[in-house]
Amino acid sequence: MACFDALRKLVRSFRFNLLSLSISARSLVWRSRLIRRGGLVEHRISILGIPIFVKRSSRPKYRVGLLVDEFFGGWNTAIGGYGALARKYVCRLIPNHQIQIDVLLDCGGGAGVQQCLIDETMIYRLPAHPMRRRLWFDKQGFDLFLSIEMTQPSFEILHECRLDTPLLYWIQDPRHLEQYQSRLNTVSRIRDSDWAYLKDVTIWIKERIKDGAVTFISQGDSLSAIAREMYEIPTSLRIRDLANPIEIDFSYEFETPPKQDKIIFLGRLEAQKRAWIVCEIAKAMPQYEFYVLGATGRGRDEAANARSLELYRNPDGSSRIRNLHFIGHVDGDIKNDHIKSAKLLLNTSIWEGIPVSWLEALSYGTLIVSAFDRDNIVKRFGTFIGEIMGDGIGHESIQSFADAITYWLSHDGDRRAVATTAINYVRNRHCIDSFVSQMRDEILKATSP
């Protein structure tokens with residue numbers, strides 16, 4: 001059996017190398033590609049590197065390839081923060097008479113290209129072979145790649161293709177390996193992937209910086225600082241600030257409807273989020289109601305993540321704890337109604353960027369109690385109890401959360417004052433109009449010669 005497996009791998013490797021050689025030879029002898037020049041697009045055909053045909057035609061829109069590995073459930077993808085940004089905001093709001101956005105999902109297209117139209121956005125799964133992807137890119141003539149961080153599927157799409165298309169890199173949650181892994185490795189109940197592939201991303205991004213082929217935008221100063229260290233971004237290269245888009249109800253009046261002694265958790269039920277800490281807090285504080293809004297992510301170790309909460313949930317998904325309620329994945333008005341009626345949002349993660357859930361909560365005056373902070377958002381609008389390593393279910397950890405919850409739920413005057421400030425902060429900093437204007441401007445700047 002071992003000999004058979006070795007032979008099969010050898011044959012597969014031979015076929016892969018033969019295909020690479022064949023495509024490379026074809027590209028060397030004959031190459032057809034689209035290149036934008038100002039408001040025109042050039043169709044160039046060359047033989048042995050010598051142009052033999054150039055045709056120019058008008059193309060009024062800049063074509064942007066958005067690199068993201070999920071589309072908030074679309075085309076059977078996971079439901080997560082990056083996918084929500086892509087589907088709800090970037091692809092829905094940014095395209096106009098100047099900008100077209102297509103989504104590049106992964107290299108799951110096999111030998112060819114698969115495509116699917118969702119919400120008027122074309123989504124692609126590209127060929128597994130890098131040279132086939134290169135030939136496909138030659139025919140598309142993308143003016144810009146926009147990446148939401150650089151997940152492994154996105155990195156696989158680009159790094160072997162040797163393209164000269166510029167990249168606009170949106171810093172959302174830069175995972176500095178030393179910082180991230182040192183925290184991740186303390187958790188024993190269940191762990192997420194260690195993201196070790198980022199070592200290769202760092203090398204690749206550094207090369208793009210040297211070539212002047214990448215620009216950066218970021219949703220927070222603390223995240224920009226991590227990215228500068230990871231990728232050795234020179235101080236001369238500015239990281240531009242960008243609003244993180246939030247659907248804000250400007251007609252909302254604080255405490256209408258009245259807030260309850262209710263605490264919510266909003267997020268995926270995955271290892272990084274450590275939702276079991278919320279369950280232990282609920283056990284320790286039976287006088288308050290706790291609501292878990294979220295589900296295990298599709299294709300994200302669903303069975304293992306579900307097992308991590310078996311102590312607190314029945315097989316049918318209901319809670320074993322009287323004052324703890326598992327609501328499942330919610331969105332839209334249902335999610336907003338839960339946030340409006342809650343006084344506090346709990347965040348129990350071992351690591352975070354700047355979660356959209358924080359900003360959504362603050363937009364309705366729901367304060368944050370968290371074991372993680374970025375840009376001092378939690379310190380300003382709630383309580384940062386300090387980072388908690390490991391599984392986080394020891395007495396001291398649970399008591400730190402309980403003390404913060406008790407304070408805010410027994411000091412209504414302080415809570416109302418901070419909540420009003422929080423609402424104004426989100427409305428001024430993260431409104432959709434600002435995001436749309438800023439993102440369109442950054443795309444057009446990045447595509448300028």
# chains A, B, ... in the order shown; residues from 1 in each chain; ligands from 1

call {"tool": "select_by_dssp", "arguments": {"residues": "segment 135-269 of chain A", "states": "alpha helix (DSSP H)", "output": "count of residues only"}}
result
45

call {"tool": "residues_around", "arguments": {"residues": "Phe71 of chain A", "least_positions_apart": "4", "cutoff": "10 Å", "atoms": "only C-alpha atoms", "output": "MDAnalysis selection string"}}
result
chainID A and resid 75:88 91 103 105 118 123

call {"tool": "write_last_selection", "arguments": {"atoms": "C-alpha atoms", "output": "PDB file, in the first residue's frame"}}
result
ATOM      1  CA  TRP A  75     -22.191  29.914  -2.230  1.00  0.00           C
ATOM      2  CA  ASN A  76     -22.028  27.708   0.893  1.00  0.00           C
ATOM      3  CA  THR A  77     -19.310  29.817   2.516  1.00  0.00           C
ATOM      4  CA  ALA A  78     -18.846  30.431   6.224  1.00  0.00           C
ATOM      5  CA  ILE A  79     -20.606  33.171   8.176  1.00  0.00           C
ATOM      6  CA  GLY A  80     -18.012  35.491   9.680  1.00  0.00           C
ATOM      7  CA  GLY A  81     -16.829  39.062   9.993  1.00  0.00           C
ATOM      8  CA  TYR A  82     -14.783  39.212   6.779  1.00  0.00           C
ATOM      9  CA  GLY A  83     -17.658  37.749   4.783  1.00  0.00           C
ATOM     10  CA  ALA A  84     -20.085  40.241   6.311  1.00  0.00           C
ATOM     11  CA  LEU A  85     -17.797  43.119   5.330  1.00  0.00           C
ATOM     12  CA  ALA A  86     -17.538  41.756   1.796  1.00  0.00           C
ATOM     13  CA  ARG A  87     -21.201  40.976   1.172  1.00  0.00           C
ATOM     14  CA  LYS A  88     -23.061  43.588   3.230  1.00  0.00           C
ATOM     15  CA  CYS A  91     -19.872  44.595  -2.739  1.00  0.00           C
ATOM     16  CA  VAL A 103     -14.990  38.333  -5.498  1.00  0.00           C
ATOM     17  CA  LEU A 105     -12.947  33.214  -3.205  1.00  0.00           C
ATOM     18  CA  ILE A 118     -24.885  36.410  -5.678  1.00  0.00           C
ATOM     19  CA  ILE A 123     -17.903  35.275  -7.312  1.00  0.00           C
TER      20      ILE A 123
END

call {"tool": "residues_around", "arguments": {"residues": "Tyr197 of chain A", "least_positions_apart": "3", "cutoff": "8 Å", "atoms": "only C-alpha atoms", "output": "ChimeraX atom specification"}}
result
/A:152,200-201

call {"tool": "write_last_selection", "arguments": {"atoms": "C-alpha atoms", "output": "mmCIF file, in the first residue's frame"}}
result
data_model
loop_
_atom_site.group_PDB
_atom_site.id
_atom_site.type_symbol
_atom_site.label_atom_id
_atom_site.label_comp_id
_atom_site.auth_asym_id
_atom_site.auth_seq_id
_atom_site.Cartn_x
_atom_site.Cartn_y
_atom_site.Cartn_z
ATOM 1 C CA GLN A 152 -4.748 31.312 3.401
ATOM 2 C CA ASP A 200 5.066 33.116 3.922
ATOM 3 C CA VAL A 201 2.612 36.012 3.637
#

call {"tool": "atom_distance", "arguments": {"atom1": "atom CA of Leu93 of chain A", "atom2": "atom CA of Ile171 of chain A"}}
result
19.4 Å

call {"tool": "atom_distance", "arguments": {"atom1": "atom CA of Arg416 of chain A", "atom2": "atom CA of Gln287 of chain A"}}
result
21.1 Å

call {"tool": "atom_distance", "arguments": {"atom1": "atom CA of Val436 of chain A", "atom2": "atom CA of Pro60 of chain A"}}
result
19.6 Å

call {"tool": "closest_residue", "arguments": {"among": "A:Gly112, A:Gly392, A:Pro95, A:Pro153", "to": "Val68 of chain A", "atoms": "only C-alpha atoms"}}
result
A:Pro153

call {"tool": "residues_around", "arguments": {"residues": "Arg274 of chain A", "least_positions_apart": "5", "cutoff": "10 Å", "atoms": "only C-alpha atoms", "output": "VMD selection string"}}
result
chain A and resid 187 189 to 191 268 to 269 279 305 308 to 309 347 to 351 390 to 393

call {"tool": "closest_residue", "arguments": {"among": "A:Asp194, A:Glu289, A:Asp241, A:Asp164", "to": "Ser341 of chain A", "atoms": "only C-alpha atoms"}}
result
A:Glu289

call {"tool": "closest_residue", "arguments": {"among": "A:Arg238, A:Ile432, A:Leu158, A:Lys61", "to": "Arg132 of chain A", "atoms": "only C-alpha atoms"}}
result
A:Leu158

call {"tool": "closest_atom_pairs", "arguments": {"of": "segment 307-407 of chain A", "to": "segment 421-429 of chain A", "cutoff": "8 Å", "atoms": "only C-alpha atoms", "output": "JSON lines"}}
result
{"residue": "A:Leu359", "atom": "CA", "partner": "A:Val426", "partner_atom": "CA", "distance": 6.5}
{"residue": "A:Leu362", "atom": "CA", "partner": "A:Ala422", "partner_atom": "CA", "distance": 5.4}
{"residue": "A:Ser363", "atom": "CA", "partner": "A:Ile423", "partner_atom": "CA", "distance": 4.6}
{"residue": "A:Tyr364", "atom": "CA", "partner": "A:Ile423", "partner_atom": "CA", "distance": 6.2}
{"residue": "A:Gly365", "atom": "CA", "partner": "A:Ile423", "partner_atom": "CA", "distance": 5.6}
{"residue": "A:Leu367", "atom": "CA", "partner": "A:Ala422", "partner_atom": "CA", "distance": 7.9}
{"residue": "A:Phe381", "atom": "CA", "partner": "A:Ala422", "partner_atom": "CA", "distance": 6.2}

call {"tool": "write_last_selection", "arguments": {"atoms": "N, CA and C atoms", "output": "compact mmCIF listing (two decimals), in the first residue's frame"}}
result
# COMPACT_ATOMS: atom_id res chain seq x y z
N LEU A 359 -18.84 47.56 17.83
CA LEU A 359 -19.36 48.81 17.28
C LEU A 359 -20.88 48.76 17.16
N LEU A 362 -22.21 49.33 20.71
CA LEU A 362 -22.06 50.72 21.15
C LEU A 362 -23.04 51.65 20.43
N SER A 363 -23.40 51.32 19.20
CA SER A 363 -24.32 52.18 18.45
C SER A 363 -25.69 52.23 19.10
N TYR A 364 -26.02 51.24 19.96
CA TYR A 364 -27.28 51.23 20.70
C TYR A 364 -27.05 51.45 22.20
N GLY A 365 -25.88 51.96 22.57
CA GLY A 365 -25.62 52.26 23.97
C GLY A 365 -25.44 51.04 24.85
N LEU A 367 -22.88 48.69 26.52
CA LEU A 367 -21.46 48.79 26.88
C LEU A 367 -20.79 47.42 26.81
N PHE A 381 -15.55 52.64 26.77
CA PHE A 381 -16.99 52.38 26.72
C PHE A 381 -17.37 51.07 27.41

call {"tool": "residues_around", "arguments": {"residues": "segment 372-375 of chain A", "least_positions_apart": "5", "cutoff": "9 Å", "atoms": "only C-alpha atoms", "output": "compact mmCIF listing (two decimals) with N, CA and C atoms, in the first residue's frame"}}
result
# COMPACT_ATOMS: atom_id res chain seq x y z
N GLY A 220 -7.80 50.67 12.60
CA GLY A 220 -7.41 51.06 13.95
C GLY A 220 -5.91 51.25 14.10
N ASP A 221 -5.51 52.21 14.93
CA ASP A 221 -4.09 52.50 15.14
C ASP A 221 -3.35 51.31 15.73
N SER A 222 -3.96 50.60 16.67
CA SER A 222 -3.28 49.47 17.31
C SER A 222 -3.04 48.35 16.31
N LEU A 223 -3.96 48.18 15.36
CA LEU A 223 -3.79 47.16 14.33
C LEU A 223 -2.72 47.57 13.33
N ASN A 347 -17.32 40.04 25.75
CA ASN A 347 -16.35 39.51 24.80
C ASN A 347 -15.33 38.71 25.59
N THR A 348 -15.22 37.43 25.24
CA THR A 348 -14.38 36.51 26.02
C THR A 348 -13.22 35.95 25.18
N SER A 349 -12.93 36.58 24.04
CA SER A 349 -11.96 36.03 23.09
C SER A 349 -10.53 36.05 23.63
N ILE A 350 -9.74 35.12 23.12
CA ILE A 350 -8.30 35.08 23.42
C ILE A 350 -7.56 36.08 22.53
N TRP A 351 -8.18 36.49 21.41
CA TRP A 351 -7.56 37.42 20.45
C TRP A 351 -8.67 38.07 19.63
N GLU A 352 -8.50 39.34 19.31
CA GLU A 352 -9.47 40.04 18.47
C GLU A 352 -8.78 41.10 17.62
N GLY A 353 -9.46 41.51 16.56
CA GLY A 353 -9.11 42.74 15.85
C GLY A 353 -9.90 43.84 16.54
N ILE A 354 -10.74 44.55 15.78
CA ILE A 354 -11.75 45.43 16.37
C ILE A 354 -13.08 44.85 15.90
N PHE A 384 -12.44 46.90 30.60
CA PHE A 384 -11.43 45.95 30.15
C PHE A 384 -10.88 45.30 31.41
N ILE A 385 -11.18 44.01 31.60
CA ILE A 385 -10.81 43.35 32.86
C ILE A 385 -9.36 42.85 32.83
N GLY A 386 -8.68 43.04 31.70
CA GLY A 386 -7.33 42.52 31.54
C GLY A 386 -7.36 41.21 30.78
N GLU A 387 -6.30 40.91 30.06
CA GLU A 387 -6.25 39.68 29.28
C GLU A 387 -6.26 38.46 30.19
N ILE A 388 -6.99 37.46 29.78
CA ILE A 388 -7.08 36.21 30.52
C ILE A 388 -6.59 35.09 29.61

call {"tool": "closest_residue", "arguments": {"among": "A:Lys343, A:Arg134, A:Lys283, A:Lys445", "to": "Val418 of chain A", "atoms": "only C-alpha atoms"}}
result
A:Lys343

call {"tool": "closest_residue", "arguments": {"among": "A:Lys259, A:Met389, A:Glu149, A:Pro355", "to": "Ser182 of chain A", "atoms": "only C-alpha atoms"}}
result
A:Met389

call {"tool": "select_by_dssp", "arguments": {"residues": "segment 207-435 of chain A", "states": "strand (DSSP E or B)", "output": "MDAnalysis selection string"}}
result
chainID A and resid 214:218 239:241 246 262:266 289:293 313 319 324:328 344:347 367:370 382:384 431

call {"tool": "residues_around", "arguments": {"residues": "Leu126 of chain A", "least_positions_apart": "5", "cutoff": "12 Å", "atoms": "only C-alpha atoms", "output": "MDAnalysis selection string"}}
result
chainID A and resid 67 103:116 131:137 153:154 156:158 161

call {"tool": "closest_residue", "arguments": {"among": "A:Ala304, A:Ala213, A:Ala282, A:Ile246", "to": "Val356 of chain A", "atoms": "only C-alpha atoms"}}
result
A:Ile246
